[in-house]
Each structure stands twice: as C-alpha cells, then as structure tokens.
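Below is data_35.csv, which holds CSV, C-alpha atoms.
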```csv
chain,number,residue,atom,x,y,z
A,127,MET,CA,-53.6,23.6,-111.5
A,128,ALA,CA,-56.7,24.1,-109.5
A,129,GLU,CA,-56.0,27.8,-108.8
A,130,GLU,CA,-55.2,28.6,-112.4
A,131,ILE,CA,-57.9,30.4,-114.4
A,132,CYS,CA,-57.9,30.1,-118.1
A,133,PHE,CA,-59.4,32.5,-120.5
A,134,PHE,CA,-59.8,31.5,-124.1
A,135,THR,CA,-60.3,34.0,-126.9
A,136,LYS,CA,-60.0,33.6,-130.5
A,137,ASP,CA,-56.5,35.0,-130.6
A,138,ALA,CA,-54.7,33.7,-127.5
A,139,LEU,CA,-54.7,31.6,-124.4
A,140,ILE,CA,-53.9,33.7,-121.3
A,141,ILE,CA,-52.7,32.0,-118.1
A,142,LYS,CA,-52.9,34.3,-115.0
A,143,PRO,CA,-50.2,33.4,-112.3
A,144,PRO,CA,-51.3,32.2,-108.8
A,145,LYS,CA,-51.7,34.8,-106.0
A,146,LYS,CA,-49.1,34.6,-103.1
A,147,SER,CA,-50.4,34.2,-99.5
A,148,PRO,CA,-50.4,37.4,-97.5
A,149,ALA,CA,-49.8,35.4,-94.3
A,150,LEU,CA,-46.6,34.0,-95.7
A,151,LEU,CA,-45.2,37.4,-96.6
A,152,ARG,CA,-46.0,38.7,-93.2
A,153,MET,CA,-44.1,35.8,-91.6
A,154,ILE,CA,-41.1,36.4,-93.8
A,155,VAL,CA,-41.0,40.1,-92.8
A,156,ILE,CA,-41.4,39.2,-89.1
A,157,VAL,CA,-38.6,36.6,-89.2
A,158,PHE,CA,-36.3,39.0,-91.1
A,159,ALA,CA,-37.0,41.8,-88.5
A,160,MET,CA,-36.3,39.4,-85.6
A,161,VAL,CA,-33.0,38.3,-87.1
A,162,CYS,CA,-31.9,41.9,-87.6
A,163,GLY,CA,-33.0,42.8,-84.1
A,164,VAL,CA,-31.1,39.9,-82.6
A,165,TYR,CA,-27.9,40.9,-84.6
A,166,ILE,CA,-28.2,44.5,-83.6
A,167,CYS,CA,-28.8,43.7,-79.9
A,168,SER,CA,-25.9,41.2,-79.8
A,169,THR,CA,-23.6,43.8,-81.4
A,170,CYS,CA,-24.6,46.5,-78.9
A,171,LEU,CA,-24.2,44.1,-75.9
A,172,LYS,CA,-20.7,43.1,-77.1
A,173,GLN,CA,-19.6,46.8,-77.3
A,174,THR,CA,-21.2,47.5,-73.9
A,175,ASN,CA,-19.5,44.5,-72.3
A,176,THR,CA,-16.1,45.6,-73.8
A,177,GLU,CA,-16.4,49.1,-72.4
A,178,THR,CA,-17.5,47.8,-69.0
A,179,THR,CA,-14.7,45.4,-68.9
A,180,ARG,CA,-12.2,48.1,-69.9
A,181,LYS,CA,-13.5,50.4,-67.1
A,182,LEU,CA,-13.4,47.6,-64.5
A,183,LEU,CA,-9.9,46.7,-65.5
A,184,ASN,CA,-8.8,50.4,-65.3
A,185,ILE,CA,-10.3,50.7,-61.8
A,186,GLU,CA,-8.6,47.5,-60.7
A,187,VAL,CA,-5.2,48.7,-61.8
A,188,ILE,CA,-5.7,52.2,-60.2
A,189,GLU,CA,-7.1,51.1,-56.9
A,190,ARG,CA,-5.3,47.8,-56.4
A,191,PRO,CA,-4.0,47.8,-52.8
A,192,CYS,CA,-0.3,47.3,-52.2
A,193,HIS,CA,-0.6,45.2,-49.1
A,194,GLU,CA,1.3,41.9,-49.1
A,195,TYR,CA,-1.3,39.5,-47.8
A,196,ASP,CA,1.2,36.7,-47.0
A,197,THR,CA,3.0,38.9,-44.4
A,198,ASP,CA,2.5,38.9,-40.7
A,199,ARG,CA,-0.8,40.7,-40.2
A,200,SER,CA,0.4,42.1,-36.9
A,201,GLN,CA,3.0,44.2,-38.9
A,202,ILE,CA,0.5,45.8,-41.3
A,203,PRO,CA,0.1,48.9,-39.1
A,204,TYR,CA,3.8,49.5,-39.4
A,205,SER,CA,4.0,49.1,-43.2
A,206,HIS,CA,3.3,52.2,-45.2
A,207,TYR,CA,3.1,53.2,-48.9
A,208,PRO,CA,4.0,56.9,-49.1
A,209,LYS,CA,2.9,59.0,-52.1
A,210,PRO,CA,5.4,61.9,-52.1
A,211,LYS,CA,4.5,65.1,-53.8
A,212,THR,CA,8.1,65.9,-54.8
A,213,PHE,CA,8.9,62.8,-56.9
A,214,SER,CA,7.4,59.4,-58.0
A,215,ARG,CA,8.4,56.2,-56.3
A,216,ALA,CA,7.9,54.5,-59.7
A,217,GLU,CA,8.5,50.8,-59.5
A,218,CYS,CA,9.0,51.0,-55.8
A,219,SER,CA,5.5,52.4,-55.1
A,220,CYS,CA,4.3,49.1,-53.7
A,221,ASN,CA,7.4,48.5,-51.6
A,222,PRO,CA,6.4,49.0,-47.9
A,223,VAL,CA,8.2,51.6,-45.9
A,224,ARG,CA,8.9,51.5,-42.1
A,225,LEU,CA,8.8,54.7,-40.1
A,226,PHE,CA,11.2,55.2,-37.2
A,227,ALA,CA,12.7,57.9,-35.0
A,228,VAL,CA,15.9,57.7,-33.0
A,229,LEU,CA,15.3,59.4,-29.6
A,230,SER,CA,18.5,60.4,-27.9
A,231,ALA,CA,20.5,63.1,-26.1
A,232,GLN,CA,23.5,65.1,-27.3
A,233,ARG,CA,26.8,63.3,-27.3
A,234,SER,CA,25.3,59.8,-26.8
A,235,GLY,CA,26.6,58.3,-30.0
A,236,SER,CA,23.6,59.1,-32.1
A,237,GLY,CA,25.6,60.6,-34.9
A,238,TRP,CA,27.8,57.5,-35.2
A,239,PHE,CA,24.7,55.3,-34.9
A,240,GLU,CA,23.0,57.1,-37.7
A,241,THR,CA,25.9,56.6,-40.1
A,242,LEU,CA,25.6,52.9,-39.3
A,243,LEU,CA,21.9,53.0,-40.2
A,244,ASN,CA,22.5,54.9,-43.4
A,245,SER,CA,25.1,52.3,-44.5
A,246,HIS,CA,22.2,50.0,-45.0
A,247,ILE,CA,21.0,50.1,-48.6
A,248,ASN,CA,17.3,50.3,-47.6
A,249,ILE,CA,17.5,52.8,-44.7
A,250,THR,CA,17.2,56.6,-44.8
A,251,SER,CA,17.9,58.5,-41.6
A,252,ASN,CA,17.6,62.2,-42.2
A,253,GLY,CA,19.7,63.6,-39.4
A,254,GLU,CA,18.8,66.0,-36.6
A,255,ILE,CA,15.9,67.7,-38.4
A,256,PHE,CA,14.5,69.4,-35.3
A,257,SER,CA,17.7,71.3,-34.7
A,258,VAL,CA,15.9,73.9,-36.9
A,259,LYS,CA,13.9,75.9,-34.4
A,260,GLU,CA,11.1,76.8,-36.9
A,261,ARG,CA,10.2,73.1,-37.2
A,262,ARG,CA,9.6,72.8,-33.4
A,263,GLU,CA,7.9,76.1,-32.6
A,264,ASN,CA,4.7,74.4,-31.6
A,265,ALA,CA,2.9,71.1,-31.9
A,266,SER,CA,1.5,72.0,-35.3
A,267,SER,CA,4.9,72.7,-36.8
A,268,ILE,CA,6.3,69.5,-35.4
A,269,LEU,CA,3.5,67.4,-36.8
A,270,ARG,CA,3.7,69.1,-40.1
A,271,THR,CA,7.4,68.3,-40.3
A,272,LEU,CA,6.8,64.7,-39.3
A,273,ASP,CA,4.3,64.4,-42.2
A,274,MET,CA,7.0,65.7,-44.6
A,275,VAL,CA,9.6,63.3,-43.4
A,276,TYR,CA,7.4,60.2,-43.4
A,277,ASN,CA,5.8,61.1,-46.8
A,278,LEU,CA,9.4,61.2,-48.2
A,279,ASP,CA,9.0,64.9,-49.1
A,280,LEU,CA,11.9,66.1,-46.9
A,281,ILE,CA,15.0,65.7,-49.0
A,282,THR,CA,18.4,65.5,-47.3
A,283,SER,CA,21.8,64.2,-48.3
A,284,ALA,CA,20.9,60.8,-46.7
A,285,SER,CA,17.7,60.4,-48.8
A,286,LYS,CA,17.5,57.2,-50.8
A,287,ASN,CA,14.2,58.4,-52.2
A,288,HIS,CA,11.8,56.0,-54.0
A,289,CYS,CA,13.3,52.7,-52.9
A,290,SER,CA,13.8,53.3,-49.1
A,291,ALA,CA,12.3,50.6,-47.0
A,292,ALA,CA,12.8,52.4,-43.6
A,293,VAL,CA,12.7,56.2,-43.2
A,294,GLY,CA,13.4,58.2,-40.0
A,295,PHE,CA,15.6,60.7,-38.3
A,296,LYS,CA,17.2,61.4,-34.9
A,297,TRP,CA,15.5,63.6,-32.3
A,298,MET,CA,17.2,65.1,-29.3
A,299,LEU,CA,15.2,65.1,-26.0
A,300,ASN,CA,15.6,68.9,-25.7
A,301,GLN,CA,14.2,69.7,-29.1
A,302,GLY,CA,10.5,69.8,-28.3
A,303,LEU,CA,10.2,66.1,-27.8
A,304,ILE,CA,9.4,66.3,-24.1
A,305,GLN,CA,7.5,69.5,-24.2
A,306,TYR,CA,5.0,68.2,-26.8
A,307,HIS,CA,5.2,64.5,-25.9
A,308,LYS,CA,1.4,63.9,-25.8
A,309,GLU,CA,0.9,65.1,-29.4
A,310,ILE,CA,4.0,63.2,-30.6
A,311,VAL,CA,3.1,59.9,-28.8
A,312,GLU,CA,-0.4,60.1,-30.3
A,313,TYR,CA,1.1,60.8,-33.8
A,314,PHE,CA,3.6,57.9,-33.4
A,315,ASN,CA,0.9,55.4,-32.4
A,316,ASN,CA,-1.6,56.5,-35.1
A,317,LYS,CA,1.1,56.4,-37.8
A,318,GLY,CA,2.8,53.2,-36.6
A,319,VAL,CA,6.2,55.0,-36.0
A,320,SER,CA,8.8,52.7,-34.3
A,321,VAL,CA,11.0,54.3,-31.7
A,322,ILE,CA,14.7,53.6,-31.2
A,323,PHE,CA,16.0,54.9,-27.8
A,324,LEU,CA,19.7,55.4,-27.7
A,325,PHE,CA,21.4,56.5,-24.5
A,326,ARG,CA,24.7,56.3,-22.7
A,327,ARG,CA,25.2,54.3,-19.5
A,328,ASN,CA,28.3,56.3,-18.5
A,329,LEU,CA,26.9,59.8,-18.0
A,330,LEU,CA,30.4,61.1,-16.9
A,331,ARG,CA,31.8,60.3,-20.3
A,332,ARG,CA,28.8,61.9,-21.9
A,333,MET,CA,29.5,65.0,-19.8
A,334,VAL,CA,33.1,65.1,-21.0
A,335,SER,CA,32.0,64.9,-24.6
A,336,VAL,CA,29.4,67.7,-24.2
A,337,LEU,CA,31.9,70.0,-22.5
A,338,ALA,CA,34.6,69.3,-25.1
A,339,ASN,CA,32.3,69.8,-28.0
A,340,SER,CA,31.0,73.1,-26.6
A,341,TYR,CA,34.6,74.3,-26.2
A,342,ASP,CA,35.4,73.4,-29.8
A,343,ARG,CA,32.5,75.5,-31.1
A,344,TYR,CA,34.5,78.5,-30.3
A,345,ALA,CA,38.1,77.2,-30.2
A,346,ARG,CA,37.8,75.5,-33.6
A,347,LEU,CA,40.9,73.3,-33.0
A,348,LEU,CA,40.8,71.6,-36.5
A,349,ASN,CA,42.4,74.3,-38.7
A,350,GLY,CA,39.7,76.9,-37.6
A,351,THR,CA,36.8,74.5,-38.3
A,352,HIS,CA,34.4,73.1,-35.7
A,353,LYS,CA,33.6,69.4,-36.1
A,354,SER,CA,31.4,67.4,-33.8
A,355,HIS,CA,32.4,64.1,-35.5
A,356,VAL,CA,35.7,63.2,-37.2
A,357,HIS,CA,36.9,60.6,-39.7
A,358,SER,CA,40.6,60.2,-38.9
A,359,THR,CA,42.7,59.3,-35.9
A,360,GLU,CA,44.7,62.5,-36.4
A,361,GLU,CA,41.6,64.7,-36.1
A,362,ALA,CA,40.4,62.7,-33.1
A,363,SER,CA,43.7,63.0,-31.3
A,364,THR,CA,43.7,66.8,-31.9
A,365,LEU,CA,40.3,67.2,-30.4
A,366,ALA,CA,41.1,64.9,-27.5
A,367,LYS,CA,44.0,67.1,-26.4
A,368,TYR,CA,41.5,69.5,-24.7
A,369,LYS,CA,40.6,68.2,-21.2
A,370,PRO,CA,37.5,69.9,-19.7
A,371,GLU,CA,37.4,70.8,-16.0
A,372,ILE,CA,34.2,69.5,-14.4
A,373,ASN,CA,32.3,71.5,-11.7
A,374,THR,CA,32.4,68.9,-8.9
A,375,THR,CA,30.1,71.0,-6.8
A,376,LEU,CA,27.2,70.4,-9.3
A,377,LEU,CA,28.5,67.0,-10.5
A,378,ILE,CA,26.1,64.8,-8.6
A,379,THR,CA,23.1,67.1,-9.3
A,380,ASP,CA,24.0,67.2,-13.0
A,381,LEU,CA,24.2,63.4,-13.2
A,382,LYS,CA,20.8,63.0,-11.4
A,383,ARG,CA,19.3,65.5,-13.8
A,384,MET,CA,20.6,63.6,-16.8
A,385,GLU,CA,19.2,60.3,-15.4
A,386,ALA,CA,15.8,61.9,-14.8
A,387,SER,CA,15.7,63.2,-18.3
A,388,THR,CA,16.3,59.7,-19.7
A,389,LYS,CA,13.7,58.2,-17.4
A,390,GLU,CA,11.1,60.8,-18.3
A,391,ALA,CA,11.5,60.1,-22.0
A,392,LEU,CA,11.1,56.3,-21.4
A,393,ASP,CA,8.0,56.9,-19.4
A,394,TYR,CA,6.4,59.3,-21.8
A,395,PHE,CA,7.0,57.0,-24.8
A,396,ASN,CA,6.4,53.6,-23.2
A,397,SER,CA,3.2,53.1,-25.2
A,398,THR,CA,5.0,53.2,-28.5
A,399,ARG,CA,6.6,50.2,-30.3
A,400,SER,CA,10.2,50.7,-29.2
A,401,ILE,CA,13.6,49.2,-28.6
A,402,ILE,CA,16.2,50.6,-26.0
A,403,LEU,CA,19.9,50.7,-26.9
A,404,TYR,CA,22.9,51.8,-25.1
A,405,TYR,CA,26.0,53.2,-26.7
A,406,GLU,CA,28.4,51.1,-24.7
A,407,ASP,CA,26.5,47.9,-25.7
A,408,LEU,CA,26.8,48.8,-29.4
A,409,ILE,CA,30.5,49.4,-29.0
A,410,LYS,CA,31.2,46.0,-27.3
A,411,ASP,CA,28.6,43.8,-29.0
A,412,HIS,CA,28.0,44.4,-32.7
A,413,THR,CA,25.2,41.8,-32.7
A,414,LYS,CA,23.1,44.6,-31.1
A,415,LEU,CA,23.0,46.1,-34.6
A,416,GLU,CA,21.4,43.0,-35.9
A,417,ASP,CA,18.6,43.5,-33.3
A,418,VAL,CA,18.0,46.9,-34.7
A,419,ILE,CA,17.7,45.6,-38.3
A,420,GLU,CA,15.4,42.9,-37.1
A,421,PHE,CA,13.3,45.5,-35.2
A,422,LEU,CA,12.9,47.4,-38.5
A,423,ARG,CA,12.0,44.2,-40.3
A,424,LEU,CA,14.7,44.6,-42.9
A,425,PRO,CA,17.2,42.2,-44.5
A,426,GLN,CA,20.4,41.8,-42.4
A,427,MET,CA,23.5,43.7,-43.7
A,428,ASN,CA,27.0,44.5,-42.4
A,429,LEU,CA,26.7,48.1,-41.1
A,430,THR,CA,29.8,50.3,-41.2
A,431,SER,CA,30.8,53.9,-40.3
A,432,ARG,CA,33.8,56.0,-41.1
A,433,GLN,CA,33.5,58.0,-37.9
A,434,VAL,CA,36.4,57.7,-35.4
A,435,LYS,CA,35.9,57.9,-31.6
A,436,ILE,CA,37.4,61.1,-30.1
A,437,HIS,CA,37.6,60.2,-26.4
A,438,SER,CA,39.0,56.7,-26.3
A,439,GLY,CA,40.9,55.2,-23.3
A,440,PRO,CA,40.2,55.5,-19.6
A,441,PRO,CA,38.2,58.6,-18.4
A,442,GLN,CA,41.1,60.0,-16.3
A,443,GLU,CA,42.9,60.8,-19.5
A,444,HIS,CA,40.2,63.2,-20.6
A,445,ILE,CA,39.3,65.1,-17.4
A,446,LYS,CA,41.6,68.0,-16.2
A,447,ASN,CA,40.6,67.8,-12.5
A,448,TRP,CA,40.4,64.0,-12.3
A,449,ASP,CA,41.4,63.8,-8.7
A,450,ASP,CA,38.5,66.0,-7.6
A,451,VAL,CA,36.0,64.1,-9.8
A,452,ASN,CA,37.3,60.8,-8.5
A,453,LYS,CA,36.9,62.0,-4.9
A,454,THR,CA,33.4,63.3,-5.5
A,455,LEU,CA,32.0,60.1,-7.1
A,456,LYS,CA,33.8,57.6,-4.8
A,457,GLY,CA,31.2,55.7,-2.6
A,458,THR,CA,28.2,57.0,-4.6
A,459,ALA,CA,25.8,55.4,-7.0
A,460,TYR,CA,27.9,56.8,-9.8
A,461,GLU,CA,31.3,55.3,-8.8
A,462,SER,CA,31.1,52.9,-11.7
A,463,PHE,CA,31.5,55.9,-14.1
A,464,LEU,CA,35.1,56.2,-12.9
A,465,ARG,CA,36.1,53.0,-14.5
A,466,SER,CA,36.7,52.2,-18.1
A,467,ASP,CA,33.6,50.6,-19.7
A,468,TYR,CA,34.9,49.7,-23.1
```

Exercise: express the given structure as structure tokens:
Amino acid sequence: MAEEICFFTKDALIIKPPKKSPALLRMIVIVFAMVCGVYICSTCLKQTNTETTRKLLNIEVIERPCHEYDTDRSQIPYSHYPKPKTFSRAECSCNPVRLFAVLSAQRSGSGWFETLLNSHINITSNGEIFSVKERRENASSILRTLDMVYNLDLITSASKNHCSAAVGFKWMLNQGLIQYHKEIVEYFNNKGVSVIFLFRRNLLRRMVSVLANSYDRYARLLNGTHKSHVHSTEEASTLAKYKPEINTTLLITDLKRMEASTKEALDYFNSTRSIILYYEDLIKDHTKLEDVIEFLRLPQMNLTSRQVKIHSGPPQEHIKNWDDVNKTLKGTAYESFLRSDY
C-alpha cells in the first residue's frame, strides 16, 4: 500500500498501520450526536403532546356545555341546569329544568291544581312557600328564597330532586307578590320563569269557600282537626254542612275588590311568559291540563289528584242567607254567579 512505511532491520520487518482521517471521525461523532438529539427531542415532544392532550380532554369534560343544540333556540332562555348545594344531580345534571310559579288567590283551586302537577313524574311544585312570613319580609328575602327554590336547594315533601324537569311553587297574591311586583317581574324575566295564572270565574263560590275555610280553622269539624283539603266524600260532606252567612251590604264591594286584585296581578305580570287558567275550565275540560304540560314543554301524562271537592252542587245549597244574596246580585254584572257553572 502507498501509505504503508516499511522499516527493515536485521532482526524484523515492522509494518506501521495507516492513520485514520480526523475528518471522518468528526463526521461520525456529529452524526451520532444528531441522531441522539433527534431521539431525545422526539421523546420529549411525545410526552409534552400527551400531557397537553390530557389537559385539553380534562377541560373539555369539565366545561362542556349542557345545551341541546337541536332544540328550539327560542326556548333556551327557559331551560336551566341547576347546580344545587345540598345534593348532586348526578346523571341528570345535563337534563334541562323549567322554572315556573303558579300565581293565584286563596280558595281558587290552587291546592287541587298543584296535586295534579305533582302527579307528573317530571314536575316538582313545592307548595305555598311564601306562607312563611320570614321569606317575604322584603324584596331581598323574596329573591333569596326564589334562588333556593330554583337552584333545587329548598327541599319539600314534593321534591323529586335531581331528575325534576320543571320546578316551581304556588304563590298567593297577598303574600308579597303585589307589594314587590317590580323586583319579582324583573327576576322572572331575567331567570326565564314561566307564570301560570289560576283564578276562579265565579267569585261568589270563592267567597263561600274562603268563609267556610276560615270557620273551620276554629271549629275543626273533622274530629278536632282543621283541613283545607280533603280526600274522601265523607270528609267533604262533613265540611259542607257549614253554610256561611254572607254580608250582603258589602257583597258588591267585595266582589269588585276581588276582581280588581285579579286584574292588577295580570297587569303587573303581563311582560312575563305566562298562561291564564280558570278553575271552572279545568273542572269541565281536562284537555286544559294538556295545555299546561305543553306550556312547560314536558311529555304529556295523565294527571290525577286524590282531592275531593267540598262545595259541589248549586250555590244555594251552601249559603245560609241565599235569598238575600240572590236579591242583591239579581240584575247586576254578577248575576251569573247565582247559577251553577259546573
């Protein structure tokens, strides 16, 4: 070989190996370093991407909205997803909840109507919650109570808790509703609360029911117990034996006042999403209940109640001074109240 150098001595022939090129060694080291660098970088990138993906997936699960995008967009303001503090909605957390309030007056059939609502598997109506005075002391206490109800944190015997699809209560006109109507209307409109008005057309019958119920608070005709609503014909017959005497001097004035109260409520809450019902219509036409279920956007079901009507039959059977009442209302705008309406 050309690069080989031979030295001859008398004892041996020594052959010196060829020298390696420094440039080649440097190239090998550089290639090795690049390969190692690429491997290390690719490994780090894979780990980083895995962590980032994991974080993104976690964020997606936590913050994924519950809205059903295939539903009517006009109904989105009325669909809510409460997060109660007192329990977990668990698998129903993304089931939308409708908020409602039944606005009525005493002895207008609201108790019976509420039992019908609560017979629906998806409805929770929590009763007359503002009969507790502390809850309606002022506007702040009212709004605080509304927040509890609509966040599902007010637990009552009617509560269906995590899988309720419509939540509300009944509210009497004389329980702060008119006094703080501005704050309440604003709250209802901001929160998307649907209003169900329930009134009686025949105000004379309502007056009879109010007087009889007030009497029984003290008389306690059912074995020493006062009951505003009954579940048997025997109990209804016992309570119906009492016939109130109506003050005919104030009768027209009282009927006008009751009418004005109803009109006032309708005027104050006319900006809310609402439906108007009358007790007599519900008695005679059960399809009206289907309108209520449709109004709440819930599946139709057969609604039932165990309550039994107390004052059935014509009104003259339930008024002690019927002749005087008949004479007072004859020829007036309230004459129709003298006739049987169901």

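Between CA of Tyr341 (chain A) and CA of Tyr404 (chain A) lies a distance of 25.4 Å.
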
Just want the 10 Å neighbourhood of Leu269 (chain A), counted on only C-alpha atoms, with same-chain residues fewer than 5 positions away dropped. Output as a PDB file with C-alpha atoms, keeping the file's coordinate frame.
```
ATOM      1  CA  ARG A 261      10.200  73.100 -37.200  1.00  0.00           C
ATOM      2  CA  ARG A 262       9.600  72.800 -33.400  1.00  0.00           C
ATOM      3  CA  ASN A 264       4.700  74.400 -31.600  1.00  0.00           C
ATOM      4  CA  MET A 274       7.000  65.700 -44.600  1.00  0.00           C
ATOM      5  CA  VAL A 275       9.600  63.300 -43.400  1.00  0.00           C
ATOM      6  CA  GLU A 309       0.900  65.100 -29.400  1.00  0.00           C
ATOM      7  CA  ILE A 310       4.000  63.200 -30.600  1.00  0.00           C
ATOM      8  CA  TYR A 313       1.100  60.800 -33.800  1.00  0.00           C
TER       9      TYR A 313
END
```

What lies within 7 Å of region 359-361 of chain A using all atoms listed in the file, ignoring chain neighbours under 4 positions off, as a ChimeraX atom specification?
/A:348,365,434

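When all atoms listed in the file are used to measure the gap to Leu455 (chain A), the shortest distance among A:Thr375, A:Thr413, A:Thr271, A:Asn316 belongs to A:Thr375.
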
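Of the residues listed (A:Asn277, A:Ser320, A:Thr250, A:Ser219), A:Ser320 shows the shortest atom-to-atom separation from Arg423 (chain A); distances use all atoms listed in the file.
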
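Take the candidates A:Thr454, A:Glu406, A:Glu371, A:His355 and check each one against Trp238 (chain A) using all atoms listed in the file; the shortest distance goes to A:His355.
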
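Nearest to Lys286 (chain A) of all the residues A:Ser236, A:Ser245, A:Asn315, A:Gln301 is A:Ser245, based on only C-alpha atoms.
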